>>> print(open('input-v1.pdb').read())   # PDB, C-alpha atoms and all ligand atoms
ATOM      1  CA  MET M   1     125.770  92.816  83.673
ATOM      2  CA  ALA M   2     127.357  89.585  84.924
ATOM      3  CA  GLN M   3     130.778  91.147  84.439
ATOM      4  CA  LYS M   4     129.749  94.324  86.290
ATOM      5  CA  LEU M   5     128.474  92.165  89.177
ATOM      6  CA  GLY M   6     131.805  90.341  89.352
ATOM      7  CA  ILE M   7     130.312  86.969  88.369
ATOM      8  CA  GLU M   8     133.242  84.989  86.981
ATOM      9  CA  ASP M   9     131.215  82.835  84.580
ATOM     10  CA  PRO M  10     128.433  84.918  82.906
ATOM     11  CA  GLN M  11     126.732  81.706  81.806
ATOM     12  CA  ILE M  12     125.704  81.122  85.450
ATOM     13  CA  LEU M  13     123.592  84.296  85.380
ATOM     14  CA  VAL M  14     122.164  83.381  81.968
ATOM     15  CA  ASN M  15     121.216  79.909  83.254
ATOM     16  CA  THR M  16     119.660  81.362  86.425
ATOM     17  CA  VAL M  17     117.486  83.810  84.469
ATOM     18  CA  ASN M  18     116.495  81.128  81.947
ATOM     19  CA  ARG M  19     115.491  78.724  84.711
ATOM     20  CA  TRP M  20     113.503  81.461  86.511
ATOM     21  CA  ASN M  21     111.623  82.389  83.322
ATOM     22  CA  ASP M  22     110.938  78.740  82.526
ATOM     23  CA  ASP M  23     109.715  78.135  86.100
ATOM     24  CA  LEU M  24     107.209  80.973  85.870
ATOM     25  CA  LYS M  25     105.977  80.207  82.383
ATOM     26  CA  THR M  26     105.755  76.436  82.411
ATOM     27  CA  LYS M  27     106.024  75.067  85.973
ATOM     28  CA  GLY M  28     104.275  77.605  88.216
ATOM     29  CA  ILE M  29     106.840  77.015  90.957
ATOM     30  CA  ASP M  30     110.308  78.372  91.729
ATOM     31  CA  THR M  31     112.225  75.121  91.326
ATOM     32  CA  GLU M  32     115.334  76.443  93.092
ATOM     33  CA  TYR M  33     113.691  77.559  96.361
ATOM     34  CA  GLY M  34     110.266  75.912  96.196
ATOM     35  CA  ARG M  35     108.288  79.161  96.336
ATOM     36  CA  THR M  36     104.996  79.454  94.487
ATOM     37  CA  PRO M  37     105.158  82.671  92.480
ATOM     38  CA  SER M  38     102.021  84.556  91.586
ATOM     39  CA  ALA M  39     101.193  87.493  89.353
ATOM     40  CA  ASP M  40      97.806  87.905  91.022
ATOM     41  CA  PRO M  41      97.347  91.689  91.568
ATOM     42  CA  LYS M  42      95.475  90.914  94.807
ATOM     43  CA  GLN M  43      98.440  88.989  96.211
ATOM     44  CA  LYS M  44      99.754  90.720  99.346
ATOM     45  CA  ALA M  45     103.256  90.647 100.758
ATOM     46  CA  VAL M  46     104.001  89.112 104.142
ATOM     47  CA  PHE M  47     104.398  92.576 105.676
ATOM     48  CA  VAL M  48     101.003  94.160 106.232
ATOM     49  CA  GLY M  49     100.523  97.441 104.386
ATOM     50  CA  ARG M  50     102.989  96.803 101.587
ATOM     51  CA  ASP M  51     100.948  96.553  98.418
ATOM     52  CA  VAL M  52     102.646  94.180  96.013
ATOM     53  CA  LYS M  53     100.860  94.297  92.681
ATOM     54  CA  ALA M  54     102.813  91.526  90.965
ATOM     55  CA  TRP M  55     104.424  88.941  93.180
ATOM     56  CA  SER M  56     106.798  87.721  90.437
ATOM     57  CA  ALA M  57     107.285  88.088  86.697
ATOM     58  CA  PRO M  58     109.591  86.720  84.015
ATOM     59  CA  ILE M  59     112.816  88.689  83.456
ATOM     60  CA  GLU M  60     112.653  89.457  79.750
ATOM     61  CA  GLU M  61     112.681  93.099  78.708
ATOM     62  CA  GLY M  62     115.414  95.537  79.629
ATOM     63  CA  PRO M  63     116.705  97.878  80.812
ATOM     64  CA  PHE M  64     117.933  95.687  83.680
ATOM     65  CA  TYR M  65     119.230  96.822  87.063
ATOM     66  CA  ALA M  66     121.087  94.734  89.618
ATOM     67  CA  VAL M  67     122.115  95.023  93.251
ATOM     68  CA  LYS M  68     124.391  92.725  95.194
ATOM     69  CA  LEU M  69     122.582  91.095  98.123
ATOM     70  CA  VAL M  70     124.196  89.409 101.118
ATOM     71  CA  PRO M  71     122.451  87.500 103.924
ATOM     72  CA  VAL M  72     122.341  89.067 107.419
ATOM     73  CA  MET M  73     120.674  88.117 110.696
ATOM     74  CA  TYR M  74     117.980  90.774 110.879
ATOM     75  CA  HIS M  75     115.901  89.864 113.912
ATOM     76  CA  THR M  76     115.268  86.878 116.120
ATOM     77  CA  MET M  77     111.934  86.040 117.749
ATOM     78  CA  GLY M  78     111.093  83.566 120.438
ATOM     79  CA  GLY M  79     113.370  82.488 123.258
ATOM     80  CA  PRO M  80     112.651  82.844 126.978
ATOM     81  CA  ARG M  81     109.274  84.267 127.962
ATOM     82  CA  ARG M  82     108.955  87.340 130.168
ATOM     83  CA  ASN M  83     106.295  89.010 132.286
ATOM     84  CA  VAL M  84     105.368  92.705 132.479
ATOM     85  CA  LYS M  85     108.237  93.300 134.906
ATOM     86  CA  SER M  86     110.673  91.896 132.325
ATOM     87  CA  GLU M  87     111.301  88.949 134.644
ATOM     88  CA  CYS M  88     112.169  85.749 132.827
ATOM     89  CA  ILE M  89     109.485  83.166 133.536
ATOM     90  CA  ASP M  90     109.863  79.407 133.746
ATOM     91  CA  PRO M  91     107.717  76.916 131.747
ATOM     92  CA  TYR M  92     105.067  77.080 134.537
ATOM     93  CA  GLY M  93     104.710  80.882 134.331
ATOM     94  CA  LYS M  94     106.646  81.506 137.564
ATOM     95  CA  ALA M  95     109.237  84.310 137.630
ATOM     96  CA  ILE M  96     112.838  83.155 137.948
ATOM     97  CA  PRO M  97     114.313  85.339 140.727
ATOM     98  CA  ARG M  98     116.838  87.976 139.645
ATOM     99  CA  LEU M  99     116.749  87.029 135.959
ATOM    100  CA  TYR M 100     115.555  89.713 133.523
ATOM    101  CA  VAL M 101     115.239  89.635 129.742
ATOM    102  CA  ALA M 102     114.553  92.319 127.136
ATOM    103  CA  GLY M 103     114.706  93.006 123.406
ATOM    104  CA  GLU M 104     115.413  90.100 121.138
ATOM    105  CA  LEU M 105     116.102  87.814 124.079
ATOM    106  CA  GLY M 106     112.527  86.581 124.242
ATOM    107  CA  SER M 107     110.952  89.001 121.799
ATOM    108  CA  THR M 108     107.399  90.130 122.587
ATOM    109  CA  TRP M 109     106.395  89.588 118.974
ATOM    110  CA  GLY M 110     104.722  86.473 117.631
ATOM    111  CA  ILE M 111     105.323  84.744 114.339
ATOM    112  CA  THR M 112     105.379  87.918 112.233
ATOM    113  CA  TYR M 113     107.975  90.678 112.543
ATOM    114  CA  GLN M 114     106.340  93.961 113.495
ATOM    115  CA  GLY M 115     108.218  96.491 111.368
ATOM    116  CA  ALA M 116     109.929  99.261 113.385
ATOM    117  CA  CYS M 117     108.802  97.851 116.758
ATOM    118  CA  ALA M 118     111.946  95.886 117.613
ATOM    119  CA  ASN M 119     113.893  98.863 118.970
ATOM    120  CA  ALA M 120     110.879  99.783 121.086
ATOM    121  CA  ASP M 121     110.812  96.227 122.458
ATOM    122  CA  ALA M 122     114.489  96.516 123.443
ATOM    123  CA  MET M 123     114.210 100.017 124.907
ATOM    124  CA  ILE M 124     110.931  99.610 126.797
ATOM    125  CA  PHE M 125     111.665  96.209 128.323
ATOM    126  CA  GLY M 126     115.325  97.114 128.818
ATOM    127  CA  ARG M 127     114.255 100.121 130.884
ATOM    128  CA  ILE M 128     111.727  98.077 132.853
ATOM    129  CA  ALA M 129     114.312  95.346 133.489
ATOM    130  CA  GLY M 130     116.868  97.909 134.685
ATOM    131  CA  ARG M 131     114.345  99.614 136.940
ATOM    132  CA  GLU M 132     113.213  96.316 138.485
ATOM    133  CA  ALA M 133     116.779  95.040 138.932
ATOM    134  CA  ALA M 134     117.768  98.296 140.655
ATOM    135  CA  LYS M 135     115.071  97.684 143.270
ATOM    136  CA  LEU M 136     116.712  94.429 144.394
ATOM    137  CA  LYS M 137     118.911  94.165 147.429
ATOM    138  CA  SER M 138     122.416  93.125 146.458
ATOM    139  CA  TRP M 139     123.737  89.692 147.311
ATOM    140  CA  SER M 140     126.472  89.800 149.918
TER
HETATM  141  C1  LIG F   1     119.933  95.910 109.570
HETATM  142  C2  LIG F   1     118.915  96.027 110.684
HETATM  143  C3  LIG F   1     117.937  96.987 110.600
HETATM  144  C4  LIG F   1     117.005  97.126 111.630
HETATM  145  N1  LIG F   1     116.045  98.094 111.528
HETATM  146  C5  LIG F   1     115.172  98.268 112.538
HETATM  147  C6  LIG F   1     114.210  99.325 112.494
HETATM  148  O1  LIG F   1     114.153 100.112 111.544
HETATM  149  N2  LIG F   1     113.365  99.445 113.539
HETATM  150  C7  LIG F   1     113.396  98.624 114.607
HETATM  151  O2  LIG F   1     112.605  98.787 115.537
HETATM  152  N3  LIG F   1     114.287  97.613 114.680
HETATM  153  C8  LIG F   1     115.185  97.420 113.680
HETATM  154  N4  LIG F   1     116.103  96.392 113.742
HETATM  155  C9  LIG F   1     116.059  95.478 114.874
HETATM  156  C10 LIG F   1     116.624  96.126 116.134
HETATM  157  O3  LIG F   1     117.813  96.826 115.802
HETATM  158  C11 LIG F   1     116.935  95.006 117.146
HETATM  159  O4  LIG F   1     115.782  94.204 117.347
HETATM  160  C12 LIG F   1     117.360  95.584 118.488
HETATM  161  O5  LIG F   1     118.504  96.411 118.336
HETATM  162  C13 LIG F   1     117.680  94.440 119.445
HETATM  163  O6  LIG F   1     118.145  94.984 120.640
HETATM  164  P1  LIG F   1     118.704  94.043 121.761
HETATM  165  O7  LIG F   1     119.187  94.959 122.850
HETATM  166  O8  LIG F   1     117.728  92.985 122.096
HETATM  167  O9  LIG F   1     119.952  93.258 121.074
HETATM  168  P2  LIG F   1     121.295  93.848 120.475
HETATM  169  O10 LIG F   1     121.103  95.251 119.955
HETATM  170  O11 LIG F   1     121.781  92.793 119.524
HETATM  171  O12 LIG F   1     122.248  93.962 121.735
HETATM  172  C14 LIG F   1     122.892  92.834 122.266
HETATM  173  C15 LIG F   1     124.239  93.333 122.786
HETATM  174  O13 LIG F   1     124.841  92.293 123.548
HETATM  175  C16 LIG F   1     126.216  92.290 123.256
HETATM  176  N5  LIG F   1     126.708  90.965 123.611
HETATM  177  C17 LIG F   1     126.552  89.790 122.971
HETATM  178  N6  LIG F   1     127.157  88.788 123.628
HETATM  179  C18 LIG F   1     127.696  89.344 124.733
HETATM  180  C19 LIG F   1     128.441  88.835 125.828
HETATM  181  N7  LIG F   1     128.743  87.533 125.936
HETATM  182  N8  LIG F   1     128.851  89.681 126.793
HETATM  183  C20 LIG F   1     128.548  91.013 126.732
HETATM  184  N9  LIG F   1     127.831  91.544 125.724
HETATM  185  C21 LIG F   1     127.413  90.725 124.738
HETATM  186  C22 LIG F   1     126.293  92.608 121.785
HETATM  187  O14 LIG F   1     127.574  93.089 121.432
HETATM  188  C23 LIG F   1     125.218  93.684 121.658
HETATM  189  O15 LIG F   1     125.728  94.994 121.898
HETATM  190  C24 LIG F   1     117.058  96.256 112.754
HETATM  191  C25 LIG F   1     118.069  95.300 112.826
HETATM  192  C26 LIG F   1     118.991  95.165 111.802
HETATM  193  C27 LIG F   1     120.082  94.137 111.914
END
>>> encode(input="input-v1.pdb", output="structure tokens")
Amino acid sequence: MAQKLGIEDPQILVNTVNRWNDDLKTKGIDTEYGRTPSADPKQKAVFVGRDVKAWSAPIEEGPFYAVKLVPVMYHTMGGPRRNVKSECIDPYGKAIPRLYVAGELGSTWGITYQGACANADAMIFGRIAGREAAKLKSWS
């Protein structure tokens, strides 16, 4: 499998799997990333509605499958705050004239990503921002 994945030294994969199995069986903590794995069937995932029966388990019995994963920036939250008119507001809650924000620039979501709602955030507040900006008299 290491060869199929293009891993130059197969021993690296062997060591990674051995460490993972040892972490779960003897330490109760993922020593590489500091996560606390659990096989509690009541354990829920971070995303509401996704029922994860076993949070983590040792990798022991085949057949094994592998996919190559790469990191991407999926979504950002936070940033400048906005009001219902999509106006950017200052730290005192006052609208900053002629400055509008939408989408990920000051996401409406809190600390947890609301699956499938990010495009709506961009489209709804983008439309509001455009509509409000179009009402303004141009600078001359
Ligand atoms: C892989 C992936 C899957 C996703 N799946 C979903 C999903 O299923 N449902 C969902 O709701 N959301 C999903 N999202 C999130 C959603 O796509 C984004 O939250 C949304 O597109 C953000 O819109 P936005 O207009 O705020 O920003 P963006 O779409 O990032 O638009 C910003 C634009 O600004 C341009 N730009 C940047 N700098 C400059 C500059 N200096 N001058 C001019 N232009 C500039 C960029 O080129 C870009 O076109 C997904 C995101 C990713 C990455």
>>> closest_atom_pairs(input="input-v1.pdb", of="chain M", to="ligand LIG 1 (chain F)", cutoff="7 Å", atoms="all atoms listed in the file", output="JSON lines")
{"residue": "M:Met73", "atom": "CA", "partner": "F:LIG1", "partner_atom": "C27", "distance": 6.2}
{"residue": "M:Tyr74", "atom": "CA", "partner": "F:LIG1", "partner_atom": "C27", "distance": 4.1}
{"residue": "M:His75", "atom": "CA", "partner": "F:LIG1", "partner_atom": "O4", "distance": 5.5}
{"residue": "M:Ala102", "atom": "CA", "partner": "F:LIG1", "partner_atom": "O8", "distance": 6.0}
{"residue": "M:Gly103", "atom": "CA", "partner": "F:LIG1", "partner_atom": "O8", "distance": 3.3}
{"residue": "M:Glu104", "atom": "CA", "partner": "F:LIG1", "partner_atom": "O8", "distance": 3.8}
{"residue": "M:Leu105", "atom": "CA", "partner": "F:LIG1", "partner_atom": "O8", "distance": 5.8}
{"residue": "M:Gly115", "atom": "CA", "partner": "F:LIG1", "partner_atom": "N2", "distance": 6.3}
{"residue": "M:Ala116", "atom": "CA", "partner": "F:LIG1", "partner_atom": "N2", "distance": 3.4}
{"residue": "M:Cys117", "atom": "CA", "partner": "F:LIG1", "partner_atom": "O2", "distance": 4.1}
{"residue": "M:Ala118", "atom": "CA", "partner": "F:LIG1", "partner_atom": "O2", "distance": 3.6}
{"residue": "M:Asn119", "atom": "CA", "partner": "F:LIG1", "partner_atom": "O2", "distance": 3.7}
{"residue": "M:Ala120", "atom": "CA", "partner": "F:LIG1", "partner_atom": "O2", "distance": 5.9}
{"residue": "M:Ala122", "atom": "CA", "partner": "F:LIG1", "partner_atom": "O6", "distance": 4.9}
>>> atom_distance(input="input-v1.pdb", atom1="CA of Glu8 in chain M", atom2="CA of Ile59 in chain M")
21.1 Å
>>> atom_distance(input="input-v1.pdb", atom1="CA of Pro37 in chain M", atom2="CA of Ala57 in chain M")
8.2 Å
>>> residues_around(input="input-v1.pdb", residues="Gly62 in chain M", least_positions_apart="4", cutoff="12 Å", atoms="only C-alpha atoms", output="list in words")
Met1, Pro58 and Ala66 of chain M
>>> atom_distance(input="input-v1.pdb", atom1="CA of Arg127 in chain M", atom2="CA of Tyr92 in chain M")
25.1 Å
>>> resolve_selection(input="input-v1.pdb", expression="the PyMOL selection byres (((chain M and resi 88) around 6) and not hetatm)", output="JSON, numbers by chain")
{"M": [81, 82, 87, 89, 95, 96, 99, 100, 101]}
>>> residues_around(input="input-v1.pdb", residues="Gly110 in chain M", least_positions_apart="2", cutoff="12 Å", atoms="only C-alpha atoms", output="number ranges by chain")
M: 76-79, 81, 104, 106-108, 112-114, 118
>>> closest_residue(input="input-v1.pdb", among="M:Glu32, M:Pro97, M:Pro80, M:Ile7", to="Arg19 in chain M", atoms="only C-alpha atoms")
M:Glu32
>>> residues_around(input="input-v1.pdb", residues="Leu5 in chain M", least_positions_apart="5", cutoff="12 Å", atoms="only C-alpha atoms", output="NGL selection string")
:M and (10 or 12-13 or 65-69)
>>> closest_residue(input="input-v1.pdb", among="M:Asn18, M:Gln3, M:Ser86, M:Thr26", to="Ile124 in chain M", atoms="all atoms listed in the file")
M:Ser86
>>> closest_residue(input="input-v1.pdb", among="M:Arg35, M:Lys4, M:Lys27, M:Lys85", to="Gly126 in chain M", atoms="all atoms listed in the file")
M:Lys85
>>> closest_residue(input="input-v1.pdb", among="M:Glu132, M:Thr36, M:Glu61, M:Asp22", to="Asn83 in chain M", atoms="only C-alpha atoms")
M:Glu132
>>> closest_residue(input="input-v1.pdb", among="M:Trp20, M:Ala133, M:Asp121, M:Lys94", to="Trp109 in chain M", atoms="all atoms listed in the file")
M:Asp121
